[in-house]
Each structure stands twice: as C-alpha cells, then as structure tokens.
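Chemist: One file: model17.txt (compact mmCIF, C-alpha atoms (C1' of nucleotides)).
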```txt
# COMPACT_ATOMS: atom_id res chain seq x y z
CA MET E 116 155.88 88.13 118.07
CA ARG E 117 159.09 89.99 118.26
CA LEU E 118 158.30 91.02 121.77
CA LEU E 119 158.11 87.43 122.77
CA ARG E 120 161.35 86.56 121.12
CA GLY E 121 163.44 87.18 124.19
CA HIS E 122 161.73 84.17 125.64
CA ALA E 123 163.83 81.81 123.57
CA ALA E 124 167.06 83.35 124.78
CA ALA E 125 165.94 83.33 128.40
CA ARG E 126 164.80 79.77 128.20
CA ARG E 127 168.03 78.69 126.59
CA ARG E 128 170.05 80.36 129.27
CA LEU E 129 168.09 78.70 132.05
CA SER E 130 168.19 75.37 130.29
CA ALA E 131 171.95 75.53 129.85
CA GLU E 132 172.47 76.21 133.55
CA LEU E 133 170.12 73.45 134.55
CA GLN E 134 171.77 71.08 132.12
CA ALA E 135 175.29 71.84 133.22
CA GLU E 136 174.59 71.69 136.94
CA HIS E 137 171.97 68.97 137.18
CA GLY E 138 171.71 67.25 133.83
CA LEU E 139 168.12 68.38 133.32
CA THR E 140 166.41 70.34 130.58
CA VAL E 141 163.78 72.90 131.50
CA ASN E 142 161.10 70.43 130.49
CA ASP E 143 162.69 67.70 132.58
CA TYR E 144 162.66 70.05 135.52
CA GLU E 145 159.09 71.09 135.03
CA THR E 146 158.00 67.51 134.66
CA LEU E 147 159.54 66.63 138.01
CA LEU E 148 158.01 69.76 139.50
CA ALA E 149 154.58 68.94 138.14
CA LEU E 150 154.77 65.42 139.50
CA SER E 151 155.96 66.62 142.89
CA GLN E 152 152.92 68.84 143.14
CA ALA E 153 150.46 66.24 141.94
CA LYS E 154 148.34 63.96 144.06
CA ASP E 155 150.38 60.82 144.84
CA ASN E 156 153.20 62.33 142.80
CA ALA E 157 151.63 60.82 139.70
CA LEU E 158 150.18 62.25 136.51
CA ARG E 159 148.75 60.86 133.32
CA ARG E 160 150.70 61.58 130.17
CA VAL E 161 147.80 63.56 128.82
CA ASP E 162 147.83 65.87 131.78
CA LEU E 163 151.54 66.39 131.50
CA SER E 164 151.23 67.27 127.86
CA GLU E 165 148.62 69.87 128.73
CA ARG E 166 150.76 71.33 131.44
CA LEU E 167 153.99 71.37 129.48
CA GLN E 168 152.34 72.41 126.23
CA LEU E 169 153.80 69.47 124.37
CA THR E 170 152.11 66.93 122.14
CA ALA E 171 151.52 63.44 123.43
CA SER E 172 154.48 62.15 121.49
CA GLY E 173 156.73 64.80 122.95
CA VAL E 174 155.71 63.67 126.42
CA THR E 175 156.35 60.03 125.58
CA ARG E 176 159.93 60.79 124.61
CA LEU E 177 160.50 63.22 127.43
CA LEU E 178 159.43 60.56 129.91
CA ASP E 179 161.52 57.95 128.10
CA GLY E 180 164.54 59.95 129.10
CA LEU E 181 163.50 60.54 132.67
CA GLU E 182 162.59 56.88 133.07
CA ALA E 183 165.97 55.83 131.71
CA CYS E 184 167.60 58.03 134.36
CA GLY E 185 165.38 56.53 137.03
CA LEU E 186 163.85 59.87 137.96
CA VAL E 187 160.30 58.83 137.15
CA ALA E 188 158.64 55.43 136.79
CA LYS E 189 155.66 54.01 134.96
CA GLN E 190 152.57 52.87 136.76
CA THR E 191 149.45 51.38 135.29
CA CYS E 192 145.95 52.56 136.08
CA SER E 193 143.64 50.01 137.60
CA SER E 194 140.45 51.55 136.26
CA ASP E 195 141.62 52.35 132.72
CA ALA E 196 144.11 50.12 130.96
CA ARG E 197 144.89 52.80 128.41
CA VAL E 198 146.55 55.16 130.81
CA THR E 199 150.01 54.82 132.28
CA TYR E 200 150.92 57.19 135.06
CA ALA E 201 154.29 58.80 135.41
CA VAL E 202 155.29 58.77 139.07
CA LEU E 203 158.14 60.57 140.74
CA THR E 204 160.77 58.22 142.17
CA ASP E 205 162.83 58.99 145.25
CA ALA E 206 165.76 59.75 143.01
CA GLY E 207 163.53 62.10 141.06
CA ARG E 208 162.42 63.98 144.12
CA GLU E 209 165.99 64.28 145.26
CA ARG E 210 167.15 65.59 141.92
CA LEU E 211 164.32 68.10 141.88
CA THR E 212 165.23 69.38 145.32
CA ASP E 213 168.85 69.77 144.29
CA ALA E 214 167.99 71.52 141.08
CA SER E 215 165.35 73.76 142.61
CA ARG E 216 167.72 75.84 144.62
CA SER E 217 169.87 76.98 141.78
CA HIS E 218 167.08 77.03 139.21
CA ILE E 219 164.75 79.19 141.23
CA ALA E 220 167.62 81.51 141.94
CA ALA E 221 168.45 81.65 138.25
CA VAL E 222 164.87 82.41 137.22
CA LYS E 223 164.61 85.04 139.90
CA ALA E 224 167.85 86.61 138.80
CA LEU E 225 166.77 86.63 135.18
CA PHE E 226 163.61 88.54 135.93
CA GLU E 227 164.81 90.76 138.72
CA GLU E 228 167.63 91.82 136.48
CA ARG E 229 165.00 93.50 134.37
CA TYR E 230 161.86 94.12 136.38
CA SER E 231 160.65 95.60 139.65
CA ASP E 232 158.38 93.57 141.89
CA GLU E 233 155.39 95.52 140.76
CA GLU E 234 156.18 95.08 137.11
CA LEU E 235 156.69 91.39 137.68
CA ALA E 236 153.24 91.12 139.17
CA THR E 237 151.73 92.91 136.18
CA LEU E 238 153.62 90.75 133.75
CA ALA E 239 152.57 87.63 135.55
CA ALA E 240 148.93 88.64 135.52
CA LEU E 241 148.95 89.44 131.84
CA LEU E 242 150.99 86.52 130.60
CA GLN E 243 148.79 84.16 132.50
CA ARG E 244 146.17 84.75 129.86
CA LEU E 245 148.19 83.41 126.98
CA PRO E 246 147.05 80.00 125.74
CA GLY E 247 148.40 77.17 127.81
CA ALA E 248 149.56 79.26 130.72
CA ALA E 249 148.68 77.41 133.88
CA SER E 250 147.27 79.02 136.97
CA ALA E 251 149.18 78.11 140.10
CA ASP E 252 152.89 78.72 140.09
CA ALA E 253 154.25 77.56 143.40
CA GLY E 254 157.80 76.36 143.46
CA GLU E 255 158.83 78.62 140.67
CA CYS E 256 158.74 82.05 142.22
CA ALA E 257 155.93 83.29 140.04
CA ALA E 258 157.88 83.11 136.83
CA MET V 233 158.93 80.06 132.99
CA ARG V 234 155.49 78.64 133.10
CA LEU V 235 154.04 82.02 132.39
CA LEU V 236 155.97 82.19 129.19
CA ARG V 237 154.88 78.79 128.12
CA GLY V 238 151.85 79.99 126.23
CA HIS V 239 154.29 81.57 123.86
CA ALA V 240 155.09 78.23 122.28
CA ALA V 241 151.46 77.50 121.58
CA ALA V 242 150.81 80.95 120.19
CA ARG V 243 153.85 80.79 117.99
CA ARG V 244 152.90 77.37 116.70
CA ARG V 245 149.44 78.54 115.84
CA LEU V 246 150.70 81.54 113.92
CA SER V 247 153.35 79.48 112.21
CA ALA V 248 150.83 76.89 111.08
CA GLU V 249 148.61 79.56 109.55
CA LEU V 250 151.50 81.21 107.83
CA GLN V 251 152.76 77.88 106.59
CA ALA V 252 149.42 76.75 105.25
CA GLU V 253 148.57 79.99 103.53
CA HIS V 254 151.93 81.22 102.32
CA GLY V 255 154.48 78.47 102.80
CA LEU V 256 156.46 80.47 105.33
CA THR V 257 157.52 79.79 108.89
CA VAL V 258 157.43 82.60 111.43
CA ASN V 259 161.18 82.94 111.09
CA ASP V 260 160.92 83.06 107.33
CA TYR V 261 158.36 85.81 107.65
CA GLU V 262 160.39 87.80 110.10
CA THR V 263 163.47 87.46 107.96
CA LEU V 264 161.64 88.94 104.99
CA LEU V 265 160.22 91.62 107.23
CA ALA V 266 163.62 92.51 108.64
CA LEU V 267 165.11 92.73 105.16
CA SER V 268 162.24 94.85 103.90
CA GLN V 269 162.91 97.35 106.67
CA ALA V 270 166.66 97.37 106.26
CA LYS V 271 168.70 99.84 104.27
CA ASP V 272 168.90 98.60 100.66
CA ASN V 273 166.81 95.61 101.74
CA ALA V 274 170.01 93.86 102.78
CA LEU V 275 171.37 92.57 106.07
CA ARG V 276 174.44 90.69 107.15
CA ARG V 277 173.87 87.23 108.53
CA VAL V 278 175.21 88.34 111.88
CA ASP V 279 172.63 91.08 112.13
CA LEU V 280 169.84 88.71 111.21
CA SER V 281 170.91 86.27 113.86
CA GLU V 282 170.83 89.05 116.43
CA ARG V 283 167.40 90.17 115.34
CA LEU V 284 165.89 86.70 115.11
CA GLN V 285 167.67 85.40 118.20
CA LEU V 286 169.14 82.49 116.33
CA THR V 287 172.72 81.26 116.19
CA ALA V 288 174.77 81.87 113.08
CA SER V 289 174.20 78.31 111.95
CA GLY V 290 170.47 78.67 112.34
CA VAL V 291 170.55 81.72 110.10
CA THR V 292 172.66 79.94 107.50
CA ARG V 293 170.10 77.19 107.18
CA LEU V 294 167.13 79.52 107.36
CA LEU V 295 168.54 81.53 104.48
CA ASP V 296 169.39 78.35 102.56
CA GLY V 297 165.69 77.70 102.40
CA LEU V 298 164.69 81.22 101.45
CA GLU V 299 167.38 81.33 98.79
CA ALA V 300 166.20 78.03 97.36
CA CYS V 301 162.72 79.54 97.06
CA GLY V 302 164.14 82.64 95.44
CA LEU V 303 162.80 84.95 98.13
CA VAL V 304 166.21 86.26 99.14
CA ALA V 305 169.55 86.32 97.36
CA LYS V 306 173.19 86.42 98.37
CA GLN V 307 175.33 89.47 97.78
CA THR V 308 178.98 89.93 98.62
CA CYS V 309 180.36 92.88 100.52
CA SER V 310 182.93 94.96 98.70
CA SER V 311 184.69 96.15 101.82
CA ASP V 312 184.80 92.87 103.73
CA ALA V 313 185.11 89.58 101.91
CA ARG V 314 183.93 87.63 104.95
CA VAL V 315 180.40 88.94 104.92
CA THR V 316 177.66 87.93 102.55
CA TYR V 317 174.52 89.99 102.61
CA ALA V 318 171.06 88.55 102.36
CA VAL V 319 168.96 90.75 100.08
CA LEU V 320 165.24 90.68 99.49
CA THR V 321 164.30 89.71 95.93
CA ASP V 322 161.22 91.01 94.15
CA ALA V 323 159.59 87.65 94.72
CA GLY V 324 160.46 87.96 98.40
CA ARG V 325 158.89 91.38 98.73
CA GLU V 326 155.80 90.16 96.98
CA ARG V 327 155.49 87.14 99.23
CA LEU V 328 155.94 89.32 102.28
CA THR V 329 153.20 91.66 101.16
CA ASP V 330 150.85 88.75 100.57
CA ALA V 331 151.65 87.15 103.87
CA SER V 332 151.51 90.37 105.85
CA ARG V 333 147.81 90.90 105.50
CA SER V 334 146.75 87.64 106.99
CA HIS V 335 149.64 87.34 109.40
CA ILE V 336 149.18 90.75 110.96
CA ALA V 337 145.49 90.01 111.28
CA ALA V 338 146.27 86.70 112.92
CA VAL V 339 148.69 88.20 115.42
CA LYS V 340 146.25 90.96 116.19
CA ALA V 341 143.46 88.47 116.69
CA LEU V 342 145.59 86.33 118.95
CA PHE V 343 146.36 89.18 121.27
CA GLU V 344 143.10 91.04 121.11
CA GLU V 345 141.37 87.83 121.97
CA ARG V 346 142.99 88.12 125.35
CA TYR V 347 144.01 91.70 126.02
CA SER V 348 142.67 95.22 125.97
CA ASP V 349 144.61 97.92 124.15
CA GLU V 350 145.91 99.27 127.38
CA GLU V 351 147.06 95.90 128.59
CA LEU V 352 148.73 95.29 125.27
CA ALA V 353 150.70 98.47 125.65
CA THR V 354 151.81 97.48 129.13
CA LEU V 355 152.77 94.02 127.99
CA ALA V 356 154.69 95.41 125.08
CA ALA V 357 156.60 97.81 127.27
CA LEU V 358 157.54 95.13 129.75
CA LEU V 359 158.40 92.35 127.35
CA GLN V 360 160.61 94.66 125.43
CA ARG V 361 163.08 94.36 128.23
CA LEU V 362 163.64 90.66 127.89
CA PRO V 363 166.98 89.72 126.36
CA GLY V 364 166.97 89.93 122.60
CA ALA V 365 163.76 91.88 122.27
CA ALA V 366 164.26 94.49 119.58
CA SER V 367 163.05 98.03 119.86
CA ALA V 368 161.08 99.10 116.82
CA ASP V 369 158.15 96.99 115.82
CA ALA V 370 156.64 98.52 112.74
CA GLY V 371 154.83 96.21 110.40
CA GLU V 372 153.89 93.85 113.12
CA CYS V 373 151.25 95.75 115.03
CA ALA V 374 153.27 95.95 118.24
CA ALA V 375 153.29 92.25 118.88
C1' DG Z 879 126.80 41.77 122.55
C1' DC Z 880 128.41 44.33 118.63
C1' DC Z 881 129.68 48.62 116.13
C1' DG Z 882 131.20 53.34 115.77
C1' DT Z 883 133.59 56.84 117.96
C1' DA Z 884 136.56 58.78 121.35
C1' DT Z 885 140.63 58.57 124.22
C1' DA Z 886 145.53 57.27 125.79
C1' DC Z 887 149.52 56.29 124.20
C1' DT Z 888 153.54 54.88 120.93
C1' DT Z 889 156.20 54.82 116.69
C1' DG Z 890 158.38 56.52 112.26
C1' DA Z 891 159.76 60.19 109.57
C1' DG Z 892 160.80 64.82 109.12
C1' DT Z 893 162.34 69.50 110.79
C1' DA Z 894 164.38 73.34 113.08
C1' DC Z 895 167.16 74.35 115.71
C1' DG Z 896 171.93 74.34 118.96
C1' DC Z 897 176.83 73.41 119.76
C1' DA Z 898 181.52 72.51 118.45
C1' DA Z 899 184.77 72.72 115.12
C1' DG Z 900 186.59 74.51 111.09
C1' DC Z 901 187.99 77.93 107.38
C1' DA Z 902 188.82 82.32 105.56
C1' DA Z 903 189.33 87.14 105.89
C1' DC Z 904 190.12 91.00 108.72
C1' DT Z 905 192.65 93.81 112.51
C1' DC Z 906 195.74 94.71 115.91
C1' DT Z 907 200.57 94.60 117.98
C1' DA Z 908 205.09 95.16 117.64
C1' DT J 348 205.04 92.37 107.82
C1' DA J 349 204.59 88.28 110.63
C1' DG J 350 202.19 86.41 113.94
C1' DA J 351 198.08 86.27 117.19
C1' DG J 352 193.58 87.12 118.00
C1' DT J 353 188.85 88.22 116.28
C1' DT J 354 184.92 88.01 113.30
C1' DG J 355 181.68 86.11 109.71
C1' DC J 356 180.10 82.21 108.03
C1' DT J 357 179.47 77.08 107.08
C1' DT J 358 179.37 72.11 108.14
C1' DG J 359 178.63 67.72 110.89
C1' DC J 360 176.35 65.86 114.40
C1' DG J 361 173.08 65.61 118.01
C1' DT J 362 168.53 66.72 120.05
C1' DA J 363 163.89 68.03 121.05
C1' DC J 364 160.36 68.64 119.15
C1' DT J 365 156.11 68.05 115.51
C1' DC J 366 152.69 65.56 112.65
C1' DA J 367 150.59 61.49 110.82
C1' DA J 368 149.55 57.00 111.42
C1' DG J 369 148.94 53.00 114.15
C1' DT J 370 147.49 50.11 118.36
C1' DA J 371 144.84 49.24 122.30
C1' DT J 372 141.31 50.22 125.44
C1' DA J 373 136.85 52.45 126.83
C1' DC J 374 132.14 53.73 126.15
C1' DG J 375 127.65 54.98 124.09
C1' DG J 376 123.61 53.50 121.30
C1' DC J 377 120.86 50.05 119.40
```
Step by step, read the file and then write its structure as structure tokens.
Modeler:
Amino acid sequence: MRLLRGHAAARRRLSAELQAEHGLTVNDYETLLALSQAKDNALRRVDLSERLQLTASGVTRLLDGLEACGLVAKQTCSSDARVTYAVLTDAGRERLTDASRSHIAAVKALFEERYSDEELATLAALLQRLPGAASADAGECAA
Amino acid sequence: MRLLRGHAAARRRLSAELQAEHGLTVNDYETLLALSQAKDNALRRVDLSERLQLTASGVTRLLDGLEACGLVAKQTCSSDARVTYAVLTDAGRERLTDASRSHIAAVKALFEERYSDEELATLAALLQRLPGAASADAGECAA
DNA sequence: GCCGTATACTTGAGTACGCAAGCAACTCTA
DNA sequence: TAGAGTTGCTTGCGTACTCAAGTATACGGC
C-alpha cells in the first residue's frame, strides 16, 4: 500500500496543472480522451464507469459538469431506452486537443524524472495487471 | 495515469475489508502502524502528513477520529509549544495487532493474485521512486 | 401477456479529503 | 529586543467521490 501512495501525490500534481491551465480534472480529461477514442465519440455511462474506475453515480456527476461546460452532450439510444450516451462535442474535442499537449508532456516529465525507458516498460507491464487497469493506452504516452 | 488507476480499486477493496472487520480506514491503519514503529510510539502531525501523503488539515481530521475512538492520544512537546504529538494508546496498539493479521493477509492476497515474487520485488523497487513513497516497509509485507 | 430479475441511470446523504486563511510559537537579523 | 519570516497546527468551505435507495426500461420463463 505504501508503495502505491506516491500515486496520490502524482495525480494531484497532474490534476492541479490540468486544472490551472485548462479547467479540467484528471477524470474530466480522461473522459474526453475515452470519448475521443470511442466509436462515434460516444460511450454509455456504464462503460465510462468501468474505464474510469468510478461508480455509476460518480460518472453521472462527472458528466453533469462536462455537460454544463458544453464539452460533452447527452444522446439517447434508439435500441435501449435505459441508456444515455455521452458524446464528445466539438468544444470537447477542441479542449482535449489543447489540454493534451501540456498534459502528455507533464505525465512524461513526471515519469521520466524517475524512470528509464526500460523501467517504464516494466512498470507499465506490471501495473497493467492491477484491477481496473485498461489495456490500450494511446494518447497518454503509456502512463 | 491509466496504469495507476487500478490503485483506487485495490485501495477501496482493502479499505472496505478493514472497515468491516475492524472499523478502520486504510489511513487509520497506516497511522497506527506508523506510530507503532516510531520512537516512543509518537509522531508529530507534520511527520504523519509526510508519511501518509496528506495535507496538514487531512491529518488533523484523521487524528480527530482516532482520538475520539481512543486509539491515539495527544501529547505536548516540551521543547516546542507548537507541536502536539500523536501517541499510540494501549487500545490503539491492540487494535493494530488485531487488524494486522487480516489486513496483511488481504494485501498479500491482492498482490499475489496477480504477481510472482520476483515481479513483486521489481514493482516494489520501481514504485518506491514515486514521490512520497517511503523507504522502509516493515509490517506491511512489502506492499 | 404478466411476473421476477437484471440492467442503466439518478438522487440524497454522508465522508474524506484539499485549499486558503488564520493563529500561535519559534527563529533569524540586526 | 523588535520586527519579519517560518513552521506547526486548526478551521471554514468547497469538491469529488461513495453507498444505498429509488425509478425506468429490458428480458426471460411460464
């Protein structure tokens, strides 16, 4: 547990940068990223909660915020009236692009400050096995 | 970032177990553990916040709870009137001992579920370099 | 076609933090 | 020894979650 504790500090640091420069939290950012990578730029709330490792209610409120900012929009599902998709708006895509540059650089810096390329690869391979770690990692420089 | 996301899930799982069985959060547990390892079973709030990677206010409120339960007590510092030590009470030590058995087993299980001994060692060595990761790890089976 | 169960989502209440601001005690400078 | 800065800690307020409970829709068996 203690070994994983640095995570909180790292995350906070990245979140603060993202917040200050683009008005996004890490979860906001990753939501936009997930949507940008998804088919039709849309995802069900359930799938987002899986990906972000949040509960359904967490996702509801996260999206509330992003919807209020106009970065994502709701969209109903024609085949299942229970689901509402979150879709990336143009504003959302734009914000993501803006944020990506500095965020990716920040993540890279954080890790390269401490690890060699080889070590990073090892870390990535191992951490991938923790519960909830997703597989692909494009757009986030393998971190 | 995504690679570290499993951390949240793992932590939640451990915290839930600890909570259900012993009425402690992970931070409660680690506070007791830190005190038990400290000289005279006492630590300054500042040192706890460093070790737990919390802000000073977080520590204040964390200790509020533990003090209310009688697991730690306040103690003034003779040489510096600003500092108040947190000291482990007998009840606190007892609770820690109780909780340790199942918690250590749970942590062990969580990691061994996913990693070999060798991989664990590698992981430990690498993660130790993240900001805020402490060095020694006795009493927590290297996780 | 109806009933039980499962799924998708929202809402209310509670919690564990962080940040900013404040106070008191210490230390350094001159 | 007076001020200026620093350090240790607490408090008020905001936020991002969680869990439990509720609603609405879907779907399988009979």
Chemist: Give the residues of chain Z that lie within 12 Å of chain V; count only C-alpha atoms (C1' of nucleotides), and format the answer as a PDB file with C-alpha atoms (C1' of nucleotides), in the coordinates of the input.
Modeler:
```pdb
ATOM      1  C1'  DT Z 893     162.340  69.500 110.790  1.00  0.00           C
ATOM      2  C1'  DA Z 894     164.380  73.340 113.080  1.00  0.00           C
ATOM      3  C1'  DC Z 895     167.160  74.350 115.710  1.00  0.00           C
ATOM      4  C1'  DG Z 896     171.930  74.340 118.960  1.00  0.00           C
ATOM      5  C1'  DC Z 897     176.830  73.410 119.760  1.00  0.00           C
ATOM      6  C1'  DA Z 898     181.520  72.510 118.450  1.00  0.00           C
ATOM      7  C1'  DC Z 901     187.990  77.930 107.380  1.00  0.00           C
ATOM      8  C1'  DA Z 902     188.820  82.320 105.560  1.00  0.00           C
ATOM      9  C1'  DA Z 903     189.330  87.140 105.890  1.00  0.00           C
ATOM     10  C1'  DC Z 904     190.120  91.000 108.720  1.00  0.00           C
ATOM     11  C1'  DT Z 905     192.650  93.810 112.510  1.00  0.00           C
TER      12       DT Z 905
END
```
Chemist: Have a look at E:Val202, E:Val141, E:Leu225, E:Leu186 and name the one nearest to chain J; count all atoms listed in the file.
Modeler: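 That would be E:Val141, the residue with the smallest distance to chain J.
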Chemist: Expressed in Å to a single decimal, how great is the separation between atom C1' of J:DT358 and atom CA of E:Ala124?
Modeler: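 So the two atoms, atom C1' of J:DT358 and atom CA of E:Ala124, lie 23.6 Å apart.
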Chemist: Kindly provide, as JSON, numbers by chain, the residues of chain J having any atom no farther than 9 Å from an atom of chain E, counting all atoms listed in the file.
Modeler: {"J": [363, 364, 365, 371, 372, 373]}
Chemist: So which one's closest to chain E, V:Glu249, V:Asp272, V:Glu282, V:Glu326? Using all atoms listed in the file, please.
Modeler: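 When distances to chain E are compared using all atoms listed in the file, the smallest one comes from V:Glu282.
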Chemist: Got a sec to check which residues sit within 6 Å of (166.5, 73.8, 134.8), counting only C-alpha atoms (C1' of nucleotides), and write them as number ranges by chain?
Modeler: E: 129-130, 133, 139-141, 144, 218
Chemist: Between atom CA of E:His137 and atom CA of E:Ala214, what is the spacing in Å?
Modeler: 6.1 Å
Chemist: Considering all atoms listed in the file, state which residue in the set E:Ala221, E:Leu158, E:Ala183, E:Cys192 is at the smallest distance from chain V.
Modeler: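 Ranked by minimum distance to chain V, first place goes to E:Ala221.
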Chemist: To one decimal place, how far is atom CA of V:Ala270 from atom CA of V:Arg325 in Å?
Modeler: 12.4 Å
Chemist: Smallest atom-to-atom distance to chain V: which of E:Arg210, E:Arg166, E:Lys154, E:Arg160, using only C-alpha atoms?
Modeler: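 That would be E:Arg166, the residue with the smallest distance to chain V.
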Chemist: Between V:Val339, V:Leu264, V:Ala248, V:Val278, which one has atoms that come closest to chain E, using only C-alpha atoms?
Modeler: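 Using only C-alpha atoms, chain E sits closest to V:Val339.
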Chemist: Which one is closest to Z:DA899: J:DC377, J:DA368, J:DC360, J:DA351? Count all atoms listed in the file.
Modeler: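 Looking at the shortest contact to Z:DA899, the residue is J:DC360.
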Chemist: Excluding same-chain residues fewer than 2 positions from V:Glu299, what lies within 12 Å of it counting all atoms listed in the file, as number ranges by chain?
Modeler: V: 260, 263-264, 291-297, 301-307, 317-321, 323-324
